[in-house]
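Trainee: Supplied structure: data30.txt, compact mmCIF, N, CA and C atoms and all ligand atoms.
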```txt
# COMPACT_ATOMS: atom_id res chain seq x y z
N MET A 1 -83.33 40.90 -79.39
CA MET A 1 -81.96 41.34 -79.19
C MET A 1 -81.27 41.41 -80.55
N ALA A 2 -80.44 42.42 -80.70
CA ALA A 2 -79.75 42.61 -81.97
C ALA A 2 -78.69 41.54 -82.19
N LYS A 3 -78.32 41.39 -83.45
CA LYS A 3 -77.25 40.45 -83.78
C LYS A 3 -75.92 41.01 -83.29
N ASN A 4 -74.93 40.13 -83.16
CA ASN A 4 -73.65 40.57 -82.66
C ASN A 4 -72.94 41.48 -83.65
N ARG A 5 -72.23 42.48 -83.10
CA ARG A 5 -71.45 43.40 -83.91
C ARG A 5 -70.44 44.08 -83.00
N ALA A 6 -69.41 44.63 -83.60
CA ALA A 6 -68.41 45.35 -82.82
C ALA A 6 -69.03 46.62 -82.26
N ILE A 7 -68.76 46.89 -81.02
CA ILE A 7 -69.18 48.16 -80.41
C ILE A 7 -67.94 49.00 -80.13
N CYS A 8 -67.08 48.53 -79.25
CA CYS A 8 -65.83 49.25 -78.96
C CYS A 8 -64.79 48.79 -79.97
N THR A 9 -64.51 49.65 -80.92
CA THR A 9 -63.57 49.25 -81.99
C THR A 9 -62.12 49.34 -81.53
N ASN A 10 -61.82 50.19 -80.58
CA ASN A 10 -60.44 50.28 -80.06
C ASN A 10 -60.03 49.00 -79.36
N ASN A 11 -60.90 48.48 -78.51
CA ASN A 11 -60.54 47.30 -77.70
C ASN A 11 -61.26 46.04 -78.13
N LYS A 12 -61.94 46.12 -79.29
CA LYS A 12 -62.59 44.95 -79.88
C LYS A 12 -63.55 44.26 -78.90
N VAL A 13 -64.49 45.03 -78.39
CA VAL A 13 -65.53 44.49 -77.52
C VAL A 13 -66.84 44.50 -78.31
N ASP A 14 -67.48 43.34 -78.39
CA ASP A 14 -68.69 43.25 -79.19
C ASP A 14 -69.97 43.34 -78.34
N TYR A 15 -71.08 43.42 -79.06
CA TYR A 15 -72.39 43.60 -78.42
C TYR A 15 -72.71 42.47 -77.45
N ILE A 16 -72.48 41.24 -77.85
CA ILE A 16 -72.84 40.11 -76.98
C ILE A 16 -72.00 40.12 -75.71
N THR A 17 -70.75 40.50 -75.82
CA THR A 17 -69.90 40.59 -74.63
C THR A 17 -70.45 41.64 -73.66
N ILE A 18 -70.92 42.75 -74.19
CA ILE A 18 -71.50 43.80 -73.35
C ILE A 18 -72.80 43.30 -72.70
N ARG A 19 -73.63 42.61 -73.46
CA ARG A 19 -74.89 42.09 -72.88
C ARG A 19 -74.59 41.05 -71.81
N LYS A 20 -73.58 40.23 -72.02
CA LYS A 20 -73.21 39.24 -70.99
C LYS A 20 -72.73 39.96 -69.72
N ALA A 21 -72.00 41.05 -69.88
CA ALA A 21 -71.56 41.82 -68.72
C ALA A 21 -72.77 42.38 -67.99
N MET A 22 -73.78 42.81 -68.73
CA MET A 22 -75.00 43.31 -68.09
C MET A 22 -75.69 42.18 -67.33
N ILE A 23 -75.70 40.99 -67.88
CA ILE A 23 -76.31 39.85 -67.19
C ILE A 23 -75.54 39.54 -65.90
N SER A 24 -74.26 39.92 -65.88
CA SER A 24 -73.44 39.76 -64.68
C SER A 24 -73.54 40.95 -63.74
N GLY A 25 -74.35 41.94 -64.09
CA GLY A 25 -74.60 43.04 -63.17
C GLY A 25 -74.11 44.40 -63.61
N ALA A 26 -73.43 44.52 -64.74
CA ALA A 26 -72.95 45.83 -65.20
C ALA A 26 -74.14 46.70 -65.60
N ARG A 27 -74.15 47.94 -65.09
CA ARG A 27 -75.23 48.87 -65.43
C ARG A 27 -74.71 50.23 -65.87
N THR A 28 -73.40 50.44 -65.75
CA THR A 28 -72.84 51.74 -66.11
C THR A 28 -71.64 51.55 -67.04
N ILE A 29 -71.27 52.63 -67.70
CA ILE A 29 -70.09 52.57 -68.57
C ILE A 29 -68.85 52.27 -67.73
N ASP A 30 -68.74 52.85 -66.55
CA ASP A 30 -67.58 52.54 -65.68
C ASP A 30 -67.50 51.05 -65.39
N GLU A 31 -68.64 50.43 -65.14
CA GLU A 31 -68.64 48.99 -64.87
C GLU A 31 -68.27 48.19 -66.12
N LEU A 32 -68.66 48.67 -67.30
CA LEU A 32 -68.25 48.00 -68.54
C LEU A 32 -66.76 48.17 -68.79
N VAL A 33 -66.22 49.31 -68.44
CA VAL A 33 -64.77 49.51 -68.55
C VAL A 33 -64.06 48.46 -67.71
N GLU A 34 -64.54 48.30 -66.49
CA GLU A 34 -63.89 47.37 -65.57
C GLU A 34 -64.09 45.91 -65.97
N LEU A 35 -65.30 45.56 -66.38
CA LEU A 35 -65.62 44.15 -66.65
C LEU A 35 -65.16 43.66 -68.02
N VAL A 36 -65.32 44.47 -69.06
CA VAL A 36 -65.02 43.98 -70.41
C VAL A 36 -64.03 44.85 -71.18
N GLY A 37 -63.63 45.98 -70.58
CA GLY A 37 -62.58 46.78 -71.18
C GLY A 37 -62.99 47.69 -72.32
N VAL A 38 -64.26 48.14 -72.36
CA VAL A 38 -64.60 49.14 -73.38
C VAL A 38 -63.74 50.39 -73.13
N CYS A 39 -63.44 51.12 -74.21
CA CYS A 39 -62.52 52.26 -74.06
C CYS A 39 -63.22 53.55 -73.69
N ARG A 40 -64.48 53.67 -74.00
CA ARG A 40 -65.36 54.82 -73.83
C ARG A 40 -64.97 56.01 -74.71
N GLU A 41 -63.96 55.86 -75.56
CA GLU A 41 -63.47 56.97 -76.39
C GLU A 41 -63.80 56.81 -77.88
N CYS A 42 -63.94 55.58 -78.35
CA CYS A 42 -64.16 55.37 -79.78
C CYS A 42 -65.60 55.74 -80.17
N GLU A 43 -65.85 55.83 -81.45
CA GLU A 43 -67.17 56.24 -81.92
C GLU A 43 -68.25 55.26 -81.46
N GLY A 44 -67.95 53.96 -81.48
CA GLY A 44 -68.93 52.97 -81.03
C GLY A 44 -69.30 53.14 -79.57
N CYS A 45 -68.30 53.33 -78.74
CA CYS A 45 -68.58 53.55 -77.31
C CYS A 45 -69.40 54.83 -77.11
N LYS A 46 -68.99 55.89 -77.77
CA LYS A 46 -69.68 57.17 -77.59
C LYS A 46 -71.12 57.12 -78.10
N SER A 47 -71.34 56.41 -79.20
CA SER A 47 -72.68 56.47 -79.81
C SER A 47 -73.61 55.35 -79.35
N GLU A 48 -73.06 54.23 -78.79
CA GLU A 48 -73.95 53.09 -78.54
C GLU A 48 -74.07 52.61 -77.09
N LEU A 49 -73.07 52.88 -76.26
CA LEU A 49 -73.09 52.26 -74.93
C LEU A 49 -74.30 52.67 -74.10
N ASN A 50 -74.63 53.95 -74.11
CA ASN A 50 -75.78 54.37 -73.29
C ASN A 50 -77.07 53.71 -73.74
N ALA A 51 -77.25 53.58 -75.05
CA ALA A 51 -78.47 52.95 -75.56
C ALA A 51 -78.52 51.47 -75.19
N ILE A 52 -77.38 50.79 -75.29
CA ILE A 52 -77.35 49.37 -74.93
C ILE A 52 -77.66 49.20 -73.45
N LEU A 53 -77.01 50.02 -72.62
CA LEU A 53 -77.21 49.92 -71.17
C LEU A 53 -78.64 50.24 -70.76
N SER A 54 -79.33 51.08 -71.51
CA SER A 54 -80.67 51.49 -71.10
C SER A 54 -81.77 50.57 -71.62
N SER A 55 -81.40 49.58 -72.44
CA SER A 55 -82.39 48.68 -73.02
C SER A 55 -82.28 47.28 -72.42
N VAL A 56 -83.41 46.68 -72.11
CA VAL A 56 -83.42 45.29 -71.64
C VAL A 56 -83.91 44.37 -72.76
N CYS A 57 -85.05 44.64 -73.32
CA CYS A 57 -85.65 43.75 -74.32
C CYS A 57 -85.82 44.50 -75.63
N GLY A 58 -84.94 44.18 -76.57
CA GLY A 58 -85.01 44.81 -77.88
C GLY A 58 -86.23 44.38 -78.67
N CYS A 59 -86.67 43.13 -78.49
CA CYS A 59 -87.84 42.65 -79.22
C CYS A 59 -89.09 43.46 -78.90
N MET A 60 -89.25 43.75 -77.62
CA MET A 60 -90.48 44.41 -77.17
C MET A 60 -90.23 45.87 -76.79
N ASN A 61 -89.00 46.35 -77.06
CA ASN A 61 -88.64 47.75 -76.79
C ASN A 61 -88.92 48.14 -75.34
N VAL A 62 -88.37 47.36 -74.42
CA VAL A 62 -88.57 47.60 -72.99
C VAL A 62 -87.25 48.08 -72.38
N SER A 63 -87.32 49.17 -71.66
CA SER A 63 -86.12 49.80 -71.09
C SER A 63 -85.72 49.18 -69.76
N LEU A 64 -84.47 49.44 -69.38
CA LEU A 64 -84.00 49.05 -68.05
C LEU A 64 -84.84 49.74 -66.98
N GLU A 65 -85.13 51.01 -67.18
CA GLU A 65 -85.93 51.74 -66.20
C GLU A 65 -87.29 51.08 -65.97
N ALA A 66 -87.94 50.64 -67.06
CA ALA A 66 -89.26 50.00 -66.93
C ALA A 66 -89.16 48.70 -66.14
N VAL A 67 -88.11 47.93 -66.40
CA VAL A 67 -87.97 46.65 -65.68
C VAL A 67 -87.62 46.90 -64.22
N VAL A 68 -86.71 47.83 -63.95
CA VAL A 68 -86.37 48.14 -62.56
C VAL A 68 -87.61 48.61 -61.81
N ASN A 69 -88.41 49.45 -62.44
CA ASN A 69 -89.63 49.92 -61.78
C ASN A 69 -90.59 48.77 -61.52
N ALA A 70 -90.71 47.84 -62.46
CA ALA A 70 -91.59 46.68 -62.25
C ALA A 70 -91.12 45.85 -61.06
N VAL A 71 -89.80 45.67 -60.97
CA VAL A 71 -89.23 44.90 -59.86
C VAL A 71 -89.48 45.63 -58.54
N LYS A 72 -89.26 46.93 -58.53
CA LYS A 72 -89.48 47.71 -57.31
C LYS A 72 -90.94 47.68 -56.89
N ASN A 73 -91.83 47.50 -57.87
CA ASN A 73 -93.27 47.44 -57.58
C ASN A 73 -93.75 46.02 -57.31
N GLY A 74 -92.83 45.08 -57.16
CA GLY A 74 -93.22 43.75 -56.70
C GLY A 74 -93.10 42.61 -57.68
N ALA A 75 -92.74 42.87 -58.92
CA ALA A 75 -92.56 41.78 -59.88
C ALA A 75 -91.28 41.05 -59.51
N ASP A 76 -91.40 39.84 -58.96
CA ASP A 76 -90.24 39.15 -58.44
C ASP A 76 -89.87 37.88 -59.23
N THR A 77 -90.48 37.71 -60.39
CA THR A 77 -90.08 36.63 -61.30
C THR A 77 -90.01 37.19 -62.72
N VAL A 78 -89.29 36.48 -63.58
CA VAL A 78 -89.19 36.90 -64.98
C VAL A 78 -90.58 36.96 -65.60
N GLU A 79 -91.43 36.00 -65.26
CA GLU A 79 -92.77 35.97 -65.81
C GLU A 79 -93.59 37.19 -65.38
N LYS A 80 -93.48 37.56 -64.12
CA LYS A 80 -94.23 38.73 -63.63
C LYS A 80 -93.72 40.01 -64.28
N VAL A 81 -92.41 40.12 -64.46
CA VAL A 81 -91.87 41.29 -65.16
C VAL A 81 -92.43 41.34 -66.58
N GLY A 82 -92.52 40.18 -67.22
CA GLY A 82 -93.08 40.12 -68.56
C GLY A 82 -94.54 40.54 -68.61
N GLU A 83 -95.29 40.14 -67.60
CA GLU A 83 -96.71 40.53 -67.55
C GLU A 83 -96.86 42.05 -67.45
N VAL A 84 -95.98 42.68 -66.67
CA VAL A 84 -96.08 44.12 -66.43
C VAL A 84 -95.52 44.92 -67.60
N THR A 85 -94.38 44.48 -68.15
CA THR A 85 -93.66 45.31 -69.13
C THR A 85 -93.72 44.78 -70.56
N GLY A 86 -93.96 43.50 -70.72
CA GLY A 86 -93.88 42.87 -72.04
C GLY A 86 -92.50 42.31 -72.34
N ALA A 87 -91.51 42.63 -71.49
CA ALA A 87 -90.15 42.13 -71.72
C ALA A 87 -90.11 40.61 -71.72
N GLY A 88 -89.32 40.05 -72.62
CA GLY A 88 -89.15 38.61 -72.68
C GLY A 88 -90.21 37.89 -73.49
N ARG A 89 -91.08 38.64 -74.13
CA ARG A 89 -92.19 38.01 -74.86
C ARG A 89 -92.07 38.15 -76.37
N GLY A 90 -90.87 38.48 -76.83
CA GLY A 90 -90.66 38.63 -78.27
C GLY A 90 -90.65 37.28 -78.98
N ILE A 91 -90.97 37.32 -80.26
CA ILE A 91 -90.97 36.12 -81.09
C ILE A 91 -89.89 36.28 -82.16
N ASN A 92 -89.05 35.28 -82.31
CA ASN A 92 -88.03 35.29 -83.35
C ASN A 92 -88.72 35.25 -84.71
N GLU A 93 -88.48 36.27 -85.52
CA GLU A 93 -89.17 36.37 -86.81
C GLU A 93 -88.80 35.26 -87.77
N GLU A 94 -87.58 34.74 -87.66
CA GLU A 94 -87.13 33.69 -88.58
C GLU A 94 -87.69 32.33 -88.21
N THR A 95 -87.73 32.02 -86.91
CA THR A 95 -88.15 30.69 -86.49
C THR A 95 -89.59 30.63 -85.99
N GLY A 96 -90.14 31.80 -85.61
CA GLY A 96 -91.49 31.81 -85.05
C GLY A 96 -91.52 31.35 -83.60
N GLU A 97 -90.34 31.11 -83.03
CA GLU A 97 -90.27 30.65 -81.64
C GLU A 97 -90.03 31.84 -80.71
N GLU A 98 -90.29 31.61 -79.42
CA GLU A 98 -90.05 32.64 -78.42
C GLU A 98 -88.58 33.02 -78.42
N CYS A 99 -88.29 34.30 -78.34
CA CYS A 99 -86.90 34.77 -78.31
C CYS A 99 -86.29 34.49 -76.94
N GLY A 100 -86.71 35.24 -75.95
CA GLY A 100 -86.25 35.00 -74.58
C GLY A 100 -84.81 35.37 -74.28
N LYS A 101 -84.11 36.01 -75.20
CA LYS A 101 -82.70 36.31 -74.97
C LYS A 101 -82.48 37.28 -73.82
N CYS A 102 -83.48 38.05 -73.46
CA CYS A 102 -83.31 39.03 -72.39
C CYS A 102 -83.66 38.47 -71.02
N LYS A 103 -84.08 37.23 -70.95
CA LYS A 103 -84.56 36.71 -69.66
C LYS A 103 -83.45 36.60 -68.62
N GLY A 104 -82.23 36.33 -69.04
CA GLY A 104 -81.12 36.30 -68.09
C GLY A 104 -80.87 37.66 -67.48
N LEU A 105 -80.97 38.69 -68.30
CA LEU A 105 -80.79 40.05 -67.80
C LEU A 105 -81.95 40.43 -66.87
N ILE A 106 -83.16 40.05 -67.23
CA ILE A 106 -84.30 40.34 -66.34
C ILE A 106 -84.09 39.67 -64.98
N GLN A 107 -83.64 38.41 -65.00
CA GLN A 107 -83.39 37.71 -63.73
C GLN A 107 -82.32 38.42 -62.92
N ASN A 108 -81.27 38.90 -63.60
CA ASN A 108 -80.21 39.62 -62.88
C ASN A 108 -80.75 40.91 -62.25
N ILE A 109 -81.60 41.62 -62.98
CA ILE A 109 -82.20 42.84 -62.43
C ILE A 109 -83.02 42.51 -61.19
N ILE A 110 -83.77 41.40 -61.25
CA ILE A 110 -84.53 40.96 -60.07
C ILE A 110 -83.56 40.64 -58.92
N ASP A 111 -82.48 39.95 -59.26
CA ASP A 111 -81.54 39.50 -58.22
C ASP A 111 -80.85 40.67 -57.52
N ILE A 112 -80.45 41.71 -58.29
CA ILE A 112 -79.66 42.78 -57.67
C ILE A 112 -80.47 44.06 -57.46
N GLY A 113 -81.69 44.09 -57.99
CA GLY A 113 -82.58 45.21 -57.74
C GLY A 113 -82.23 46.50 -58.47
N ARG A 114 -81.43 46.39 -59.53
CA ARG A 114 -81.12 47.58 -60.33
C ARG A 114 -80.77 47.17 -61.75
S1 LIG A 201 -84.84 40.45 -76.44
FE1 LIG A 201 -86.15 39.06 -77.47
S2 LIG A 201 -87.74 38.67 -76.03
FE2 LIG A 201 -86.50 40.19 -75.07
```
Take the structure I supplied and represent it as structure tokens, if you would.
Mentor:
Amino acid sequence: MAKNRAICTNNKVDYITIRKAMISGARTIDELVELVGVCRECEGCKSELNAILSSVCGCMNVSLEAVVNAVKNGADTVEKVGEVTGAGRGINEETGEECGKCKGLIQNIIDIGR
């Protein structure tokens, strides 16, 4: 997962806030507008929101679509999704430890099925 940075510069919404909204179930820009107040008009919103929403695991470059498909095909735990897609298996380059920052989002995708 990327380090925190401003995404919506008009309303001062950062990357981590958007990822937390996704862990709470946000999957669309409309849902981000409602949950965290992104403006959808500034350069950050226009250039980055779709990419953030479509990615689950930045470490392993796994998309939301890949995880949703894994869940629809029967992966019903974070571990099973990882076996199928590789999501959640990144290693922090600085510490050498498992990253795992996307596991909350993977669990939410399992929970709500999208
Ligand atoms: S974002 Fe690091 S393991 Fe998925």
Trainee: Show me, as a PyMOL selection string, the residues that have an atom within 6 Å of Cys57 of chain A when counting all atoms listed in the file, minus same-chain residues fewer than 4 positions from it.
Mentor: chain A and resi 1+61-63+87-88+102
Trainee: Could you find all residues in chain A that DSSP calls helix (DSSP H, G or I) from the backbone, and write them as a ChimeraX atom specification?
Mentor: /A:15-23,29-36,43-54,64-72,78-85,103-112
Trainee: Please return the centre and edge lengths, in Å to one decimal, of a box with edges along x, y and z that contains all listed atoms of ligand LIG 201 (chain A), widened by 6 Å on every side, as JSON.
Mentor:
```
{"center_x": -86.3, "center_y": 39.6, "center_z": -76.3, "size_x": 14.9, "size_y": 13.8, "size_z": 14.4}
```
Trainee: List the neighbours of segment 36-42 of chain A out to 9 Å using only C-alpha atoms; skip same-chain residues closer than 3 positions along the sequence, and give me the result as a ChimeraX atom specification.
Mentor: /A:7-13,17-18,21,29-33,45-47,49
Trainee: For ligand LIG 201 (chain A), which residue out of A:Cys99, A:Ala6, A:Val78, A:Ala70 is the nearest one, using only C-alpha atoms and all ligand atoms?
Mentor: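 Checking each of A:Cys99, A:Ala6, A:Val78, A:Ala70 against ligand LIG 201 (chain A), counting only C-alpha atoms and all ligand atoms, the winner is A:Cys99.
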Trainee: What does the structure give for the distance between atom N of Ile16 of chain A and atom N of Val56 of chain A, in Å to one decimal?
Mentor: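 Computing the Euclidean distance for atom N of Ile16 of chain A and atom N of Val56 of chain A yields 13.5 Å.
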Trainee: Quick one: of A:Asn50, A:Asn92, A:Gln107, A:Ser55, who's nearest to Val71 of chain A, counting only C-alpha atoms?
Mentor: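 With only C-alpha atoms as the atom set, the closest residue is A:Gln107.
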Trainee: Please measure the separation of atom CA of Ile106 of chain A and atom CA of Asn73 of chain A, giving the value in Å to one decimal.
Mentor: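 Going from atom CA of Ile106 of chain A over to atom CA of Asn73 of chain A covers 14.4 Å.
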Trainee: With all atoms listed in the file as the basis for distance, which of A:Ile91, A:Ile23, A:Ala66, A:Ile52 is at the shortest distance from ligand LIG 201 (chain A)?
Mentor: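 Among the listed residues, A:Ile91 lies closest to ligand LIG 201 (chain A).
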Trainee: Please report the interatomic distance between atom C of Gly58 of chain A and atom N of Gly90 of chain A in Å with one decimal.
Mentor: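 Interatomic distance here is 7.7 Å.
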Trainee: Give me, as an MDAnalysis selection string, all polymer residues having an atom no more than 7 Å from Met22 of chain A, counting only N, CA and C atoms and skipping those fewer than 6 positions away in the same chain.
Mentor: chainID A and resid 104:105 108
Trainee: Check chain A with DSSP on the backbone and list each residue it calls strand (DSSP E), as a list in words.
Mentor: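 Filtering chain A down to strand (DSSP E) leaves Ala6, Ile7, Cys8, Val13, Asp14, Ser55, Val56, Cys57, Val62 and Ser63 of chain A.
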Trainee: Nearest to ligand LIG 201 (chain A): which of A:Thr77, A:Ser24, A:Thr85, A:Asn69 is it, counting only C-alpha atoms and all ligand atoms?
Mentor: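 Going through A:Thr77, A:Ser24, A:Thr85, A:Asn69 one by one, the smallest distance to ligand LIG 201 (chain A) is for A:Thr85.
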Trainee: With distances taken over only N, CA and C atoms and all ligand atoms, which of A:Val84, A:Cys59, A:Arg114, A:Val68 is nearest to ligand LIG 201 (chain A)?
Mentor: A:Cys59
Trainee: Considering all atoms listed in the file, state which residue in the set A:Asn4, A:Gly86, A:Glu65, A:Ile109 is at the smallest distance from ligand LIG 201 (chain A).
Mentor: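 So, comparing all the options, the nearest one is A:Gly86.
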